[in-house]
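Student: As input, take my_file03.tsv (TSV, C-alpha atoms and all ligand atoms):
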```
chain	number	residue	atom	x	y	z
A	1086	MET	CA	-20.17	-37.39	39.95
A	1087	SER	CA	-21.99	-37.39	43.29
A	1088	LYS	CA	-25.07	-35.26	43.93
A	1089	LYS	CA	-23.07	-33.17	46.42
A	1090	GLY	CA	-20.38	-32.54	43.81
A	1091	ARG	CA	-22.96	-31.41	41.26
A	1092	LYS	CA	-24.68	-29.13	43.77
A	1093	GLY	CA	-21.27	-27.66	44.68
A	1094	ILE	CA	-20.52	-26.89	41.02
A	1095	GLN	CA	-23.98	-25.34	40.59
A	1096	PHE	CA	-23.39	-23.16	43.63
A	1097	ILE	CA	-19.99	-21.96	42.32
A	1098	PHE	CA	-21.51	-20.98	38.96
A	1099	LEU	CA	-24.49	-19.32	40.68
A	1100	ALA	CA	-22.03	-17.24	42.72
A	1101	LEU	CA	-20.05	-16.39	39.57
A	1102	PHE	CA	-23.28	-15.37	37.83
A	1103	GLY	CA	-24.16	-13.09	40.77
A	1104	LEU	CA	-20.67	-11.56	40.72
A	1105	LEU	CA	-20.83	-10.85	36.99
A	1106	ILE	CA	-24.28	-9.28	37.37
A	1107	TRP	CA	-22.95	-7.10	40.15
A	1108	LYS	CA	-19.94	-6.04	38.05
A	1109	GLY	CA	-22.17	-5.48	35.00
A	1110	ASN	CA	-20.05	-7.86	32.91
A	1111	MET	CA	-22.53	-10.30	31.42
A	1112	GLY	CA	-20.45	-10.71	28.24
A	1113	ILE	CA	-18.32	-13.25	30.12
A	1114	TRP	CA	-21.44	-15.23	31.03
A	1115	LEU	CA	-22.65	-15.22	27.42
A	1116	GLY	CA	-19.18	-16.50	26.46
A	1117	ILE	CA	-19.53	-19.40	28.94
A	1118	LEU	CA	-22.96	-20.14	27.47
A	1119	GLY	CA	-21.63	-20.05	23.87
A	1120	VAL	CA	-18.76	-22.43	24.65
A	1121	SER	CA	-21.16	-24.73	26.52
A	1122	VAL	CA	-23.53	-24.92	23.54
A	1123	VAL	CA	-20.66	-26.00	21.27
A	1124	MET	CA	-19.40	-28.53	23.83
A	1125	SER	CA	-22.93	-29.94	24.12
A	1126	LEU	CA	-22.33	-31.43	20.68
A	1127	PHE	CA	-19.78	-33.72	22.32
A	1128	PHE	CA	-20.91	-34.15	25.92
A	1129	GLY	CA	-24.64	-33.33	25.99
A	1130	ARG	CA	-26.40	-30.42	27.71
A	1131	PHE	CA	-24.19	-30.27	30.82
A	1132	TYR	CA	-24.73	-26.46	30.89
A	1133	CYS	CA	-28.31	-27.06	32.12
A	1134	GLY	CA	-27.33	-29.60	34.76
A	1135	TYR	CA	-24.20	-27.93	36.15
A	1136	ILE	CA	-23.77	-24.30	35.05
A	1137	CYS	CA	-27.13	-22.62	34.46
A	1138	PRO	CA	-28.08	-20.30	37.39
A	1139	MET	CA	-31.76	-20.94	36.72
A	1140	SER	CA	-31.55	-24.69	37.40
A	1141	PRO	CA	-30.81	-24.48	41.17
A	1142	VAL	CA	-33.20	-21.55	41.55
A	1143	MET	CA	-35.97	-23.59	39.91
A	1144	THR	CA	-35.18	-26.62	42.07
A	1145	TRP	CA	-35.61	-24.47	45.19
A	1146	ALA	CA	-38.77	-22.82	43.83
A	1147	GLU	CA	-40.26	-26.23	42.99
A	1148	LYS	CA	-39.50	-27.61	46.46
A	1149	LEU	CA	-41.06	-24.55	48.11
A	1150	SER	CA	-44.07	-24.73	45.83
A	1151	ARG	CA	-44.67	-28.40	46.72
A	1152	LYS	CA	-44.32	-27.61	50.40
A	1153	ILE	CA	-46.93	-24.85	50.35
A	1154	GLY	CA	-49.22	-26.72	47.93
A	1155	LEU	CA	-48.94	-24.32	44.99
A	1156	GLN	CA	-47.52	-26.81	42.47
A	1157	ARG	CA	-49.99	-27.94	39.79
A	1158	LYS	CA	-49.93	-31.29	38.04
A	1159	GLY	CA	-49.13	-31.35	34.31
A	1160	LEU	CA	-48.20	-28.47	32.03
A	1161	PRO	CA	-50.50	-25.90	30.39
A	1162	ASN	CA	-51.14	-27.13	26.83
A	1163	ILE	CA	-51.07	-23.61	25.46
A	1164	LEU	CA	-47.38	-23.25	26.40
A	1165	GLU	CA	-46.22	-26.63	25.13
A	1166	LYS	CA	-44.97	-25.23	21.81
A	1167	ASP	CA	-41.51	-25.91	20.41
A	1168	PHE	CA	-41.24	-22.46	18.82
A	1169	LEU	CA	-41.59	-20.69	22.19
A	1170	PRO	CA	-37.87	-20.71	23.15
A	1171	TRP	CA	-37.07	-18.98	19.85
A	1172	LEU	CA	-39.83	-16.42	20.43
A	1173	VAL	CA	-38.54	-15.69	23.96
A	1174	LEU	CA	-35.00	-15.35	22.58
A	1175	THR	CA	-36.20	-12.88	19.93
A	1176	LEU	CA	-38.09	-10.83	22.55
A	1177	MET	CA	-35.05	-10.85	24.82
A	1178	VAL	CA	-32.66	-9.61	22.12
A	1179	GLY	CA	-35.27	-7.05	21.00
A	1180	ALA	CA	-35.66	-5.73	24.56
A	1181	VAL	CA	-31.87	-5.37	24.95
A	1182	LEU	CA	-31.54	-3.49	21.63
A	1183	ILE	CA	-34.52	-1.19	22.22
A	1184	GLY	CA	-33.44	-0.49	25.80
A	1185	LYS	CA	-29.93	0.44	24.68
A	1186	ARG	CA	-30.69	2.38	21.51
A	1187	ALA	CA	-33.97	4.09	22.38
A	1188	PHE	CA	-33.53	4.70	26.11
A	1189	GLY	CA	-29.79	4.35	26.71
A	1190	ILE	CA	-30.28	1.73	29.43
A	1191	ASN	CA	-29.03	-1.81	29.91
A	1192	ILE	CA	-32.04	-4.01	30.64
A	1193	PRO	CA	-30.87	-6.82	32.96
A	1194	VAL	CA	-32.52	-9.54	30.88
A	1195	LEU	CA	-30.48	-12.40	32.32
A	1196	LEU	CA	-31.47	-11.47	35.86
A	1197	ILE	CA	-35.10	-11.05	34.75
A	1198	LEU	CA	-34.97	-14.56	33.26
A	1199	VAL	CA	-33.83	-16.03	36.58
A	1200	GLY	CA	-36.78	-14.29	38.30
A	1201	LEU	CA	-39.23	-15.53	35.66
A	1202	SER	CA	-37.93	-19.10	35.90
A	1203	ALA	CA	-38.58	-19.04	39.67
A	1204	MET	CA	-42.05	-17.53	39.22
A	1205	PHE	CA	-43.16	-20.11	36.65
A	1206	THR	CA	-41.75	-22.95	38.72
A	1207	LEU	CA	-43.71	-21.84	41.76
A	1208	VAL	CA	-46.78	-22.95	39.84
A	1209	TYR	CA	-45.66	-25.54	37.27
A	1210	ASN	CA	-43.04	-28.29	37.18
A	1211	GLN	CA	-39.64	-26.94	36.10
A	1212	GLU	CA	-39.97	-28.96	32.89
A	1213	LEU	CA	-42.15	-26.11	31.56
A	1214	PHE	CA	-39.39	-23.51	31.74
A	1215	HIS	CA	-36.58	-25.88	30.72
A	1216	ARG	CA	-38.36	-27.11	27.60
A	1217	TYR	CA	-40.60	-24.29	26.41
A	1218	LEU	CA	-39.63	-20.95	27.93
A	1219	CYS	CA	-35.86	-20.86	28.34
A	1220	PRO	CA	-34.49	-18.78	25.42
A	1221	TYR	CA	-31.32	-20.89	25.29
A	1222	SER	CA	-33.11	-24.21	25.05
A	1223	GLY	CA	-33.57	-23.97	21.26
A	1224	PHE	CA	-29.79	-24.03	20.69
A	1225	LEU	CA	-29.15	-26.49	23.50
A	1226	LYS	CA	-31.80	-28.87	22.21
A	1227	LEU	CA	-30.25	-28.86	18.72
A	1228	ALA	CA	-26.77	-29.52	20.12
A	1229	GLY	CA	-27.89	-32.01	22.80
A	1230	GLY	CA	-29.83	-34.07	20.26
A	1231	ARG	CA	-26.59	-34.57	18.30
A	1232	ALA	CA	-24.34	-35.15	21.32
A	1233	GLY	CA	-21.58	-37.73	20.95
A	1234	LYS	CA	-22.15	-38.89	24.54
A	1235	SER	CA	-25.26	-38.80	26.70
A	1236	LYS	CA	-27.20	-40.60	29.44
A	1237	LYS	CA	-28.73	-43.82	28.11
A	1238	VAL	CA	-30.92	-46.60	29.46
A	1239	ASP	CA	-29.74	-50.17	29.05
A	1240	ALA	CA	-33.02	-51.91	28.14
A	1241	GLN	CA	-31.80	-55.31	29.32
A	1242	PHE	CA	-31.58	-54.05	32.92
A	1243	CYS	CA	-34.54	-51.62	33.01
A	1244	ASN	CA	-37.75	-52.98	34.59
A	1245	GLY	CA	-39.94	-50.02	33.61
A	1246	CYS	CA	-40.53	-48.87	37.21
A	1247	ARG	CA	-40.63	-45.16	36.21
A	1248	SER	CA	-38.63	-43.98	39.23
A	1249	CYS	CA	-36.31	-42.12	36.87
A	1250	MET	CA	-39.24	-40.28	35.26
A	1251	ALA	CA	-40.34	-38.96	38.64
A	1252	VAL	CA	-37.01	-37.21	39.32
A	1253	CYS	CA	-36.10	-35.97	35.84
A	1254	PRO	CA	-36.28	-32.14	35.86
A	1255	SER	CA	-36.57	-31.86	32.09
A	1256	GLY	CA	-39.17	-34.52	31.27
A	1257	SER	CA	-36.61	-36.30	29.09
A	1258	ILE	CA	-37.60	-39.85	30.00
A	1259	SER	CA	-40.51	-41.82	28.65
A	1260	ILE	CA	-41.52	-45.48	28.59
A	1261	ARG	CA	-41.43	-47.05	25.15
A	1262	PRO	CA	-44.87	-48.72	24.72
A	1263	GLU	CA	-43.55	-51.70	22.71
A	1264	THR	CA	-40.82	-52.66	25.17
A	1265	LYS	CA	-42.18	-51.12	28.42
A	1266	ARG	CA	-38.61	-49.88	29.04
A	1267	ALA	CA	-37.43	-46.33	29.67
A	1268	VAL	CA	-35.73	-44.24	26.98
A	1269	ILE	CA	-33.98	-40.86	27.35
A	1270	ASP	CA	-34.33	-38.05	24.83
A	1271	ALA	CA	-30.79	-36.63	24.61
A	1272	ALA	CA	-32.09	-33.38	23.07
A	1273	HIS	CA	-33.62	-32.43	26.44
A	1274	CYS	CA	-31.39	-34.34	28.89
A	1275	HIS	CA	-29.35	-32.09	31.23
A	1276	GLN	CA	-26.86	-34.87	32.09
A	1277	CYS	CA	-27.68	-34.20	35.74
A	1278	THR	CA	-27.50	-37.89	36.85
A	1279	GLU	CA	-30.63	-37.69	39.06
A	1280	CYS	CA	-32.12	-40.62	37.12
A	1281	ALA	CA	-28.99	-42.77	37.34
A	1282	GLU	CA	-28.81	-42.20	41.11
A	1283	ILE	CA	-32.39	-43.36	41.74
A	1284	CYS	CA	-32.53	-46.27	39.28
A	1285	PRO	CA	-32.81	-49.50	41.32
A	1286	LYS	CA	-31.31	-51.53	38.46
A	1287	ASP	CA	-28.32	-49.30	37.64
A	1288	ALA	CA	-29.67	-49.27	34.10
A	1289	ILE	CA	-28.67	-45.68	33.28
A	1290	THR	CA	-25.13	-44.78	32.25
A	1291	TYR	CA	-23.33	-42.01	30.39
A	1292	ARG	CA	-22.02	-43.37	27.14
A	1293	LYS	CA	-21.61	-42.95	23.40
A	1294	ALA	CA	-24.75	-42.09	21.45
A	1295	GLY	CA	-26.12	-44.54	18.89
A	1301	LIG	S1	-35.52	-46.16	37.18
A	1301	LIG	FE1	-34.20	-47.61	36.05
A	1301	LIG	S2	-35.39	-49.51	36.03
A	1301	LIG	FE2	-36.85	-47.89	36.57
A	1301	LIG	S3	-37.71	-47.24	34.55
A	1301	LIG	FE3	-35.94	-45.90	34.96
A	1301	LIG	S4	-34.24	-46.91	33.90
A	1301	LIG	FE4	-35.85	-48.44	34.11
A	1302	LIG	S1	-32.69	-37.96	31.81
A	1302	LIG	FE1	-31.55	-38.19	33.75
A	1302	LIG	S2	-29.65	-37.03	33.43
A	1302	LIG	FE2	-31.11	-36.38	31.86
A	1302	LIG	S3	-32.14	-34.58	32.73
A	1302	LIG	FE3	-33.42	-36.36	33.22
A	1302	LIG	S4	-32.73	-36.99	35.27
A	1302	LIG	FE4	-31.14	-35.64	34.43
```
Rewrite the coordinates I just gave you, this time as structure tokens.
Ligand code: SF4
Ligand code: SF4
Tutor:
Amino acid sequence: MSKKGRKGIQFIFLALFGLLIWKGNMGIWLGILGVSVVMSLFFGRFYCGYICPMSPVMTWAEKLSRKIGLQRKGLPNILEKDFLPWLVLTLMVGAVLIGKRAFGINIPVLLILVGLSAMFTLVYNQELFHRYLCPYSGFLKLAGGRAGKSKKVDAQFCNGCRSCMAVCPSGSISIRPETKRAVIDAAHCHQCTECAEICPKDAITYRKAG
């Protein structure tokens, strides 16, 4: 799919997210998320690349941050912990339950998350939120890592130029030291196609895992 097509789909889901927030019907959104997690077992984490409202918001925040010189290089070591998404998920569920039962209010956690994702991305690369702070990334990582199909690098075409690494929003690409060729970690890949579009060797395709 073209970049324009993907951006169009992201915009439609962002509008749907806004509408559901406005109507106070976030159960539908959680349903979309649940179905997407299950489908990630077959097609990879397309939710992150096409559906998640935080992804386009973070892309805009990152662009703005680079423009005004706020963006820092690298990620803070203290936050690079794999248990963090689970901790954020626990805090989020806890806040919803306490808000409802103790105070009789619906805390708009999903909207708060969108705001937080933008705030973090104004300072750090969006990889930080995608990998370590998003409360859904624990489930999505488990499903994405077992996906039947995902983006893959064909080592016989790759020249190790790293162009794909520079555009990957989730930090899913690394260079294998033994071969000096790129490899994609399906557990974190959003299936967004940014890497395939920039690769000068057309070495990246979407195909069966294994
Ligand atoms: S952009 Fe293409 S050729 Fe360059 S490292 Fe990535 S996969 Fe290899
Ligand atoms: S590896 Fe490619 S498809 Fe996957 S998230 Fe990175 S840029 Fe997108």
Student: Residues of region 1165-1272 of chain A that have any atom at most 8 Å from an atom of region 1123-1143 of chain A: could you tabulate them with the shortest-distance atom pair and the distance in Å to one decimal, using all atoms listed in the file, ordered by chain and increasing number, as a tab-separated table?
Tutor:
```
residue	atom	partner	partner_atom	distance
A:Leu1198	CA	A:Met1139	CA	7.9
A:Val1199	CA	A:Met1139	CA	5.3
A:Ser1202	CA	A:Met1143	CA	6.3
A:Ala1203	CA	A:Met1143	CA	5.3
A:Thr1206	CA	A:Met1143	CA	5.9
A:Gln1211	CA	A:Met1143	CA	6.3
A:Leu1225	CA	A:Arg1130	CA	6.4
A:Lys1226	CA	A:Arg1130	CA	7.9
A:Ala1228	CA	A:Leu1126	CA	4.9
A:Gly1229	CA	A:Gly1129	CA	4.7
A:Gly1230	CA	A:Gly1129	CA	7.8
A:Arg1231	CA	A:Leu1126	CA	5.8
A:Ala1232	CA	A:Leu1126	CA	4.3
A:Gly1233	CA	A:Phe1127	CA	4.6
A:Lys1234	CA	A:Phe1128	CA	5.1
A:Ser1235	CA	A:Gly1129	CA	5.6
A:Ala1271	CA	A:Gly1129	CA	7.1
A:Ala1272	CA	A:Arg1130	CA	7.9
```
Student: I'd like to know which of A:Ser1248, A:Ser1121, A:Thr1278, A:Thr1290 is closest to ligand LIG 1301 (chain A), using only C-alpha atoms and all ligand atoms.
Tutor: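 Selected residue with least distance to ligand LIG 1301 (chain A): A:Ser1248.
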Student: Using only C-alpha atoms and all ligand atoms, which of A:Pro1254, A:Pro1220, A:Gly1119, A:Pro1285 sits nearest ligand LIG 1301 (chain A)?
Tutor: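 Selected residue with least distance to ligand LIG 1301 (chain A): A:Pro1285.
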Student: Once 4 Å is added on each side, what are the centre and the three edge lengths, in Å to one decimal, of the axis-aligned box enclosing the listed atoms of region 1154-1163 of chain A? Present them as JSON.
Tutor:
```
{"center_x": -49.3, "center_y": -27.5, "center_z": 36.7, "size_x": 11.6, "size_y": 15.7, "size_z": 30.5}
```
Student: Using all atoms listed in the file, pick whichever of A:Phe1102, A:Trp1145, A:Trp1171, A:Phe1242 has the shortest atom-to-atom distance to ligand LIG 1301 (chain A).
Tutor: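 Nearest to ligand LIG 1301 (chain A): A:Phe1242.
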Student: Would you list the residues that come within 7 Å of ligand LIG 1301 (chain A)? Count all atoms listed in the file and give the answer as a list in words.
Tutor: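 The residues within 7 Å of ligand LIG 1301 (chain A), counting all atoms listed in the file, are Val1238, Phe1242, Cys1243, Asn1244, Gly1245, Cys1246, Arg1247, Ser1248, Cys1249, Met1250, Arg1266, Ala1267, Cys1280, Ile1283, Cys1284, Pro1285, Lys1286, Asp1287, Ala1288 and Ile1289 of chain A.
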Student: My list of candidates is A:Phe1214, A:Tyr1209, A:Phe1188, A:Tyr1221. Which is closest to Ser1255 (chain A) when distances are computed with all atoms listed in the file?
Tutor: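 That would be A:Phe1214, the residue with the smallest distance to Ser1255 (chain A).
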Student: Measuring atom to atom with all atoms listed in the file, identify which of A:Leu1182, A:Lys1265, A:Ser1259, A:Ala1294 is nearest to ligand LIG 1302 (chain A).
Tutor: A:Ser1259
Student: As an MDAnalysis selection string, please: every protein or nucleic acid residue near ligand LIG 1302 (chain A) (cut-off 6 Å, counting all atoms listed in the file).
Tutor: chainID A and resid 1236 1252:1255 1257:1258 1269 1274:1280
Student: Provide the CA of Leu1115 (chain A) to CA of Val1194 (chain A) distance in Å, to one decimal place.
Tutor: 11.9 Å
Student: How many Å separate CA of Gln1095 (chain A) from CA of Thr1144 (chain A)?
Tutor: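 Atom-to-atom, CA of Gln1095 (chain A) to CA of Thr1144 (chain A), that is 11.4 Å.
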Student: Rounded to one decimal place, report the CA of Pro1170 (chain A)-CA of Gly1223 (chain A) distance in Å.
Tutor: 5.7 Å
Student: I'd like the contact shell of region 1153-1169 of chain A - 6 Å cut-off, all atoms listed in the file, skipping same-chain residues fewer than 2 positions apart - returned as a compact mmCIF listing (two decimals) with C-alpha atoms, keeping the file's coordinate frame.
Tutor:
```txt
# COMPACT_ATOMS: atom_id res chain seq x y z
CA SER A 1150 -44.07 -24.73 45.83
CA ARG A 1151 -44.67 -28.40 46.72
CA TRP A 1171 -37.07 -18.98 19.85
CA LEU A 1172 -39.83 -16.42 20.43
CA VAL A 1208 -46.78 -22.95 39.84
CA TYR A 1209 -45.66 -25.54 37.27
CA TYR A 1217 -40.60 -24.29 26.41
```
Student: Tell me which of A:Gly1200, A:Tyr1291, A:Ile1192, A:Ala1146 sits closest to Gly1179 (chain A), counting only C-alpha atoms.
Tutor: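 Checking each candidate against Gly1179 (chain A), we get A:Ile1192 as the closest.
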